[in-house]
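J.: Input protein.pdb, format and content: PDB, C-alpha atoms, pLDDT in the B column.
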ATOM      1  CA  ASN M   1     130.072 290.494 205.969  1.00 67.00           C
ATOM      2  CA  ARG M   2     128.376 287.126 205.661  1.00 84.00           C
ATOM      3  CA  PHE M   3     125.668 285.695 207.849  1.00 90.00           C
ATOM      4  CA  VAL M   4     126.771 282.772 210.012  1.00 93.00           C
ATOM      5  CA  GLY M   5     123.894 280.880 211.585  1.00 92.00           C
ATOM      6  CA  CYS M   6     124.708 279.694 215.097  1.00 95.00           C
ATOM      7  CA  HIS M   7     122.831 277.482 217.539  1.00 93.00           C
ATOM      8  CA  PRO M   8     124.308 276.902 220.983  1.00 94.00           C
ATOM      9  CA  MET M   9     122.983 273.680 222.508  1.00 91.00           C
ATOM     10  CA  ALA M  10     122.409 275.222 225.910  1.00 91.00           C
ATOM     11  CA  GLY M  11     119.448 276.381 227.880  1.00 83.00           C
ATOM     12  CA  SER M  12     117.130 275.836 230.764  1.00 80.00           C
ATOM     13  CA  GLU M  13     113.443 275.299 231.335  1.00 81.00           C
ATOM     14  CA  LYS M  14     113.435 278.737 233.001  1.00 81.00           C
ATOM     15  CA  SER M  15     113.079 281.978 231.085  1.00 80.00           C
ATOM     16  CA  GLY M  16     113.532 285.679 231.717  1.00 82.00           C
ATOM     17  CA  ALA M  17     116.277 287.947 232.999  1.00 86.00           C
ATOM     18  CA  ALA M  18     115.843 286.715 236.569  1.00 89.00           C
ATOM     19  CA  PHE M  19     117.264 283.359 235.452  1.00 88.00           C
ATOM     20  CA  ALA M  20     120.248 284.688 233.478  1.00 89.00           C
ATOM     21  CA  ASN M  21     123.275 282.423 233.856  1.00 91.00           C
ATOM     22  CA  PRO M  22     126.780 283.669 232.972  1.00 90.00           C
ATOM     23  CA  GLU M  23     127.933 280.025 232.673  1.00 91.00           C
ATOM     24  CA  LEU M  24     125.121 279.021 230.280  1.00 93.00           C
ATOM     25  CA  PHE M  25     127.425 278.306 227.336  1.00 94.00           C
ATOM     26  CA  ARG M  26     130.294 276.723 229.295  1.00 94.00           C
ATOM     27  CA  ASP M  27     131.119 273.366 227.623  1.00 93.00           C
ATOM     28  CA  ALA M  28     128.077 273.641 225.333  1.00 93.00           C
ATOM     29  CA  LEU M  29     128.234 272.512 221.741  1.00 93.00           C
ATOM     30  CA  CYS M  30     127.543 275.420 219.385  1.00 95.00           C
ATOM     31  CA  PHE M  31     126.568 274.649 215.809  1.00 95.00           C
ATOM     32  CA  MET M  32     127.735 277.081 213.125  1.00 96.00           C
ATOM     33  CA  THR M  33     126.595 276.991 209.498  1.00 94.00           C
ATOM     34  CA  ARG M  34     129.993 278.072 208.175  1.00 93.00           C
ATOM     35  CA  ARG M  35     133.529 278.550 209.427  1.00 95.00           C
ATOM     36  CA  ASP M  36     134.309 282.054 210.645  1.00 95.00           C
ATOM     37  CA  SER M  37     137.309 282.581 212.933  1.00 95.00           C
ATOM     38  CA  LYS M  38     135.876 285.690 214.639  1.00 95.00           C
ATOM     39  CA  ILE M  39     132.597 283.997 215.508  1.00 95.00           C
ATOM     40  CA  GLU M  40     134.375 280.808 216.579  1.00 96.00           C
ATOM     41  CA  SER M  41     136.517 282.961 218.905  1.00 97.00           C
ATOM     42  CA  LEU M  42     133.388 284.581 220.321  1.00 96.00           C
ATOM     43  CA  TRP M  43     131.859 281.191 221.164  1.00 97.00           C
ATOM     44  CA  ARG M  44     135.120 279.866 222.606  1.00 96.00           C
ATOM     45  CA  GLY M  45     135.331 283.071 224.672  1.00 96.00           C
ATOM     46  CA  VAL M  46     132.072 282.213 226.441  1.00 96.00           C
ATOM     47  CA  GLY M  47     133.203 278.611 226.959  1.00 96.00           C
ATOM     48  CA  ALA M  48     131.351 276.893 224.099  1.00 96.00           C
ATOM     49  CA  HIS M  49     132.713 274.392 221.577  1.00 96.00           C
ATOM     50  CA  PRO M  50     131.944 275.600 218.028  1.00 96.00           C
ATOM     51  CA  PHE M  51     131.149 272.928 215.433  1.00 94.00           C
ATOM     52  CA  VAL M  52     130.552 273.635 211.739  1.00 96.00           C
ATOM     53  CA  ILE M  53     127.601 271.710 210.306  1.00 95.00           C
ATOM     54  CA  ASP M  54     125.426 271.843 207.209  1.00 94.00           C
ATOM     55  CA  PRO M  55     122.067 273.524 208.011  1.00 93.00           C
ATOM     56  CA  ASP M  56     120.038 270.478 206.895  1.00 94.00           C
ATOM     57  CA  ALA M  57     122.165 268.113 209.006  1.00 95.00           C
ATOM     58  CA  HIS M  58     121.687 270.510 211.933  1.00 94.00           C
ATOM     59  CA  ASP M  59     117.907 270.467 211.553  1.00 95.00           C
ATOM     60  CA  ALA M  60     117.794 266.655 211.457  1.00 95.00           C
ATOM     61  CA  TRP M  61     120.111 266.338 214.457  1.00 93.00           C
ATOM     62  CA  VAL M  62     118.263 268.817 216.689  1.00 94.00           C
ATOM     63  CA  ALA M  63     114.921 267.218 215.776  1.00 96.00           C
ATOM     64  CA  HIS M  64     116.208 263.993 217.361  1.00 95.00           C
ATOM     65  CA  ALA M  65     118.511 265.338 220.058  1.00 92.00           C
ATOM     66  CA  SER M  66     116.511 268.295 221.358  1.00 93.00           C
ATOM     67  CA  HIS M  67     113.006 268.623 219.963  1.00 96.00           C
ATOM     68  CA  LEU M  68     111.908 264.985 220.261  1.00 96.00           C
ATOM     69  CA  PRO M  69     113.041 264.669 223.913  1.00 95.00           C
ATOM     70  CA  HIS M  70     110.907 267.728 224.686  1.00 96.00           C
ATOM     71  CA  VAL M  71     107.927 266.191 222.865  1.00 97.00           C
ATOM     72  CA  LEU M  72     108.394 262.994 224.902  1.00 96.00           C
ATOM     73  CA  ALA M  73     108.534 264.892 228.192  1.00 95.00           C
ATOM     74  CA  PHE M  74     105.465 266.987 227.303  1.00 96.00           C
ATOM     75  CA  LEU M  75     103.464 263.907 226.272  1.00 96.00           C
ATOM     76  CA  LEU M  76     104.569 261.854 229.273  1.00 94.00           C
ATOM     77  CA  PHE M  77     103.496 264.472 231.779  1.00 92.00           C
ATOM     78  CA  ALA M  78     100.346 265.459 229.867  1.00 94.00           C
ATOM     79  CA  GLY M  79      98.987 262.018 230.832  1.00 92.00           C
ATOM     80  CA  PHE M  80     100.863 261.456 234.091  1.00 89.00           C
ATOM     81  CA  PRO M  81      98.905 259.937 237.001  1.00 86.00           C
ATOM     82  CA  LYS M  82      98.340 261.825 240.224  1.00 77.00           C
ATOM     83  CA  PRO M  83     101.343 261.887 242.574  1.00 73.00           C
ATOM     84  CA  VAL M  84     101.790 258.959 244.914  1.00 69.00           C
ATOM     85  CA  GLY M  85     103.632 261.079 247.476  1.00 66.00           C
ATOM     86  CA  LYS M  86     103.815 264.690 248.512  1.00 66.00           C
ATOM     87  CA  GLY M  87     106.276 267.070 250.054  1.00 64.00           C
ATOM     88  CA  LYS M  88     109.991 267.647 249.913  1.00 64.00           C
ATOM     89  CA  ASN M  89     110.773 264.100 251.050  1.00 66.00           C
ATOM     90  CA  PHE M  90     109.121 262.553 247.995  1.00 70.00           C
ATOM     91  CA  GLN M  91     111.645 262.727 245.143  1.00 71.00           C
ATOM     92  CA  PRO M  92     111.273 260.960 241.801  1.00 75.00           C
ATOM     93  CA  ASN M  93     114.095 258.928 240.310  1.00 85.00           C
ATOM     94  CA  PRO M  94     116.760 260.943 238.420  1.00 86.00           C
ATOM     95  CA  SER M  95     115.501 260.184 234.892  1.00 88.00           C
ATOM     96  CA  LEU M  96     111.936 261.159 235.783  1.00 89.00           C
ATOM     97  CA  ARG M  97     113.211 264.307 237.514  1.00 88.00           C
ATOM     98  CA  ASP M  98     115.096 265.261 234.316  1.00 90.00           C
ATOM     99  CA  LEU M  99     111.998 264.680 232.191  1.00 92.00           C
ATOM    100  CA  ALA M 100     109.889 266.722 234.632  1.00 91.00           C
ATOM    101  CA  ARG M 101     112.379 269.595 234.311  1.00 91.00           C
ATOM    102  CA  ILE M 102     112.082 269.449 230.520  1.00 93.00           C
ATOM    103  CA  ALA M 103     108.274 269.247 230.734  1.00 94.00           C
ATOM    104  CA  ARG M 104     108.259 272.596 232.582  1.00 93.00           C
ATOM    105  CA  SER M 105     109.754 274.370 229.540  1.00 92.00           C
ATOM    106  CA  ALA M 106     108.061 277.481 228.146  1.00 92.00           C
ATOM    107  CA  PRO M 107     105.041 276.466 226.003  1.00 94.00           C
ATOM    108  CA  GLY M 108     105.198 279.468 223.646  1.00 94.00           C
ATOM    109  CA  LEU M 109     108.908 279.067 223.004  1.00 93.00           C
ATOM    110  CA  TRP M 110     108.671 275.347 222.321  1.00 95.00           C
ATOM    111  CA  SER M 111     105.651 275.582 220.038  1.00 96.00           C
ATOM    112  CA  GLU M 112     107.659 278.125 217.984  1.00 96.00           C
ATOM    113  CA  ILE M 113     110.709 275.852 217.978  1.00 95.00           C
ATOM    114  CA  PHE M 114     108.573 272.915 216.810  1.00 97.00           C
ATOM    115  CA  ASP M 115     107.089 275.082 214.053  1.00 97.00           C
ATOM    116  CA  SER M 116     110.530 276.265 212.921  1.00 96.00           C
ATOM    117  CA  ASN M 117     111.709 272.676 212.350  1.00 96.00           C
ATOM    118  CA  ARG M 118     108.356 271.098 211.550  1.00 97.00           C
ATOM    119  CA  GLN M 119     109.418 268.803 208.685  1.00 97.00           C
ATOM    120  CA  GLU M 120     112.389 267.252 210.491  1.00 97.00           C
ATOM    121  CA  LEU M 121     110.403 266.896 213.718  1.00 98.00           C
ATOM    122  CA  LEU M 122     107.565 265.180 211.850  1.00 98.00           C
ATOM    123  CA  ARG M 123     110.086 262.798 210.284  1.00 97.00           C
ATOM    124  CA  ALA M 124     111.702 262.064 213.657  1.00 97.00           C
ATOM    125  CA  SER M 125     108.390 261.636 215.506  1.00 97.00           C
ATOM    126  CA  SER M 126     107.043 259.330 212.768  1.00 97.00           C
ATOM    127  CA  GLN M 127     110.143 257.160 213.100  1.00 96.00           C
ATOM    128  CA  LEU M 128     109.661 257.116 216.875  1.00 96.00           C
ATOM    129  CA  GLU M 129     105.993 256.217 216.435  1.00 97.00           C
ATOM    130  CA  ALA M 130     106.980 253.247 214.246  1.00 96.00           C
ATOM    131  CA  ARG M 131     109.456 252.032 216.895  1.00 95.00           C
ATOM    132  CA  LEU M 132     106.832 252.494 219.631  1.00 96.00           C
ATOM    133  CA  ASN M 133     104.326 250.466 217.592  1.00 97.00           C
ATOM    134  CA  THR M 134     106.938 247.715 217.135  1.00 96.00           C
ATOM    135  CA  PHE M 135     107.621 247.761 220.882  1.00 96.00           C
ATOM    136  CA  ASN M 136     103.888 247.627 221.709  1.00 97.00           C
ATOM    137  CA  ARG M 137     103.288 244.692 219.339  1.00 97.00           C
ATOM    138  CA  ALA M 138     106.221 242.782 220.864  1.00 97.00           C
ATOM    139  CA  LEU M 139     105.057 243.573 224.410  1.00 97.00           C
ATOM    140  CA  LYS M 140     101.486 242.518 223.649  1.00 97.00           C
ATOM    141  CA  ALA M 141     102.684 239.241 222.097  1.00 97.00           C
ATOM    142  CA  GLY M 142     105.156 238.592 224.914  1.00 97.00           C
ATOM    143  CA  LYS M 143     108.110 238.680 222.493  1.00 97.00           C
ATOM    144  CA  PHE M 144     110.684 239.822 225.010  1.00 96.00           C
ATOM    145  CA  GLN M 145     113.629 238.750 222.849  1.00 97.00           C
ATOM    146  CA  ALA M 146     112.474 241.322 220.277  1.00 96.00           C
ATOM    147  CA  ILE M 147     112.318 243.939 223.044  1.00 96.00           C
ATOM    148  CA  GLU M 148     115.778 242.921 224.192  1.00 96.00           C
ATOM    149  CA  ARG M 149     117.099 243.339 220.614  1.00 96.00           C
ATOM    150  CA  LEU M 150     115.521 246.804 220.481  1.00 95.00           C
ATOM    151  CA  ILE M 151     117.228 247.732 223.748  1.00 95.00           C
ATOM    152  CA  GLN M 152     120.549 246.312 222.492  1.00 96.00           C
ATOM    153  CA  GLU M 153     120.248 248.438 219.327  1.00 95.00           C
ATOM    154  CA  SER M 154     119.472 251.458 221.491  1.00 94.00           C
ATOM    155  CA  ASN M 155     122.510 250.725 223.671  1.00 94.00           C
ATOM    156  CA  ARG M 156     124.754 250.451 220.604  1.00 94.00           C
ATOM    157  CA  ARG M 157     123.488 253.640 218.973  1.00 93.00           C
ATOM    158  CA  SER M 158     123.622 255.684 222.174  1.00 91.00           C
ATOM    159  CA  GLN M 159     127.189 254.465 222.792  1.00 90.00           C
ATOM    160  CA  ASN M 160     128.175 255.533 219.264  1.00 89.00           C
ATOM    161  CA  ALA M 161     126.401 258.893 219.520  1.00 84.00           C
ATOM    162  CA  PHE M 162     127.562 259.777 223.024  1.00 80.00           C
ATOM    163  CA  PRO M 163     130.498 257.688 224.220  1.00 77.00           C
ATOM    164  CA  PRO M 164     130.679 257.608 228.008  1.00 77.00           C
ATOM    165  CA  ALA M 165     133.287 259.819 229.619  1.00 71.00           C
ATOM    166  CA  PRO M 166     136.344 257.952 230.878  1.00 72.00           C
ATOM    167  CA  ASN M 167     136.129 257.001 234.537  1.00 66.00           C
ATOM    168  CA  LYS M 168     137.961 259.459 236.730  1.00 55.00           C
ATOM    169  CA  ALA M 169     140.127 258.081 239.510  1.00 52.00           C
ATOM    170  CA  ARG M 170     138.680 258.773 242.911  1.00 44.00           C
TER     171      ARG M 170
END
Written as structure tokens, how would this file's structure read?

T.:
Amino acid sequence: NRFVGCHPMAGSEKSGAAFANPELFRDALCFMTRRDSKIESLWRGVGAHPFVIDPDAHDAWVAHASHLPHVLAFLLFAGFPKPVGKGKNFQPNPSLRDLARIARSAPGLWSEIFDSNRQELLRASSQLEARLNTFNRALKAGKFQAIERLIQESNRRSQNAFPPAPNKAR
């Protein structure tokens, strides 16, 4: 028997048995460090999509696709201003609501995750810091064409990384 590292890209900000979800892995990408038909069948059986990837490529990808978005949500809400509205009728926009959900993730779990992929996360966050500094310099100088180019590059890369789903007929 050989070890096959697996990492399903699924989860929730909630933890504990009370929040168990039998559909958690449905349509989730599941990274595997080597091909193994039995383990691939197991993941397909719970609805996931197994994908074989080199462990180093996995670590770099999750640093950008999972860990860094959590860092951003934690940092955004760590300095968030007091609410401007209260009650059930006051709902933030969808992107802010998604970031707020991520920001409510388990602190102990995420500090362990960050530690387990420290080098790749440091690399990814340093690259983000450089882009943020570029953005801030352009904003300060009123160079909105540079900001527009940054947004265009972001649009292009996000389109390549995650092509939009085809429009379904209504």

J.: Compile the contact shell of segment 23-39 of chain M as a list of chain:residue names: residues with an atom at most 6 Å away, counting all atoms listed in the file, same-chain residues fewer than 4 positions apart removed.

T.: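 The contact residues come out as M:Val4, M:Gly5, M:Cys6, M:His7, M:Pro8, M:Met9, M:Ala10, M:Gly47, M:Ala48, M:His49, M:Pro50, M:Phe51, M:Val52, M:Ile53, M:Asp54, M:Pro55.
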
J.: So how far away is atom CA of Trp61 of chain M from atom CA of Ala130 of chain M, in Å?

T.: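 Distance reported for this atom pair: 18.5 Å.
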
J.: With only C-alpha atoms as the counted atoms, please give the residues lying no more than 12 Å from Ser66 of chain M, apart from itself and same-chain residues fewer than 4 positions off, as a ChimeraX atom specification.

T.: /M:7-11,58-62,70-73,102,110,113-114,117,120-121,124

J.: Of the residues M:Ala103, M:Lys14, M:Ala63, M:Ala57, which is the one nearest to Leu75 of chain M, using only C-alpha atoms?

T.: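 Among the listed residues, the smallest separation from Leu75 of chain M belongs to M:Ala103.
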
J.: Kindly indicate which residue among M:Ser126, M:Arg131, M:Phe80, M:Pro22 lies nearest to Leu150 of chain M, using all atoms listed in the file for the distances.

T.: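 Closest candidate: M:Arg131.
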
J.: My list of candidates is M:Ala161, M:Phe3, M:Thr134, M:Ala18. Which is closest to Arg149 of chain M when distances are computed with all atoms listed in the file?

T.: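 Of all the options, M:Thr134 lies closest to Arg149 of chain M.
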
J.: How far is it from atom CA of Arg118 of chain M to atom CA of Phe74 of chain M, in Å with one decimal?

T.: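 Result for atom CA of Arg118 of chain M versus atom CA of Phe74 of chain M: 16.5 Å, one decimal.
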
J.: Can you measure atom CA of Ser105 of chain M to atom CA of Ser12 of chain M for me? One decimal in Å is fine.

T.: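 Value for the atom CA of Ser105 of chain M-atom CA of Ser12 of chain M distance: 7.6 Å.
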
J.: Starting from 6 Å padding per side, set up an axis-aligned box that covers all listed atoms of segment 76-82 of chain M and hand over centre and edge lengths in Å, one decimal, as lines of an AutoDock Vina configuration file.

T.:
center_x = 101.5
center_y = 262.7
center_z = 234.7
size_x = 18.2
size_y = 17.5
size_z = 23.0

J.: Can you work out which one of M:Arg97, M:Arg137, M:Lys82, M:His67 has the shortest atom-to-atom distance to Leu109 of chain M, counting only C-alpha atoms?

T.: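 Nearest to Leu109 of chain M: M:His67.
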
J.: Of the candidates M:Glu129, M:Glu13, M:Glu153, M:Asp115, which shows the shortest atom-to-atom distance to Arg101 of chain M, using only C-alpha atoms?

T.: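 Checking each candidate against Arg101 of chain M, we get M:Glu13 as the closest.
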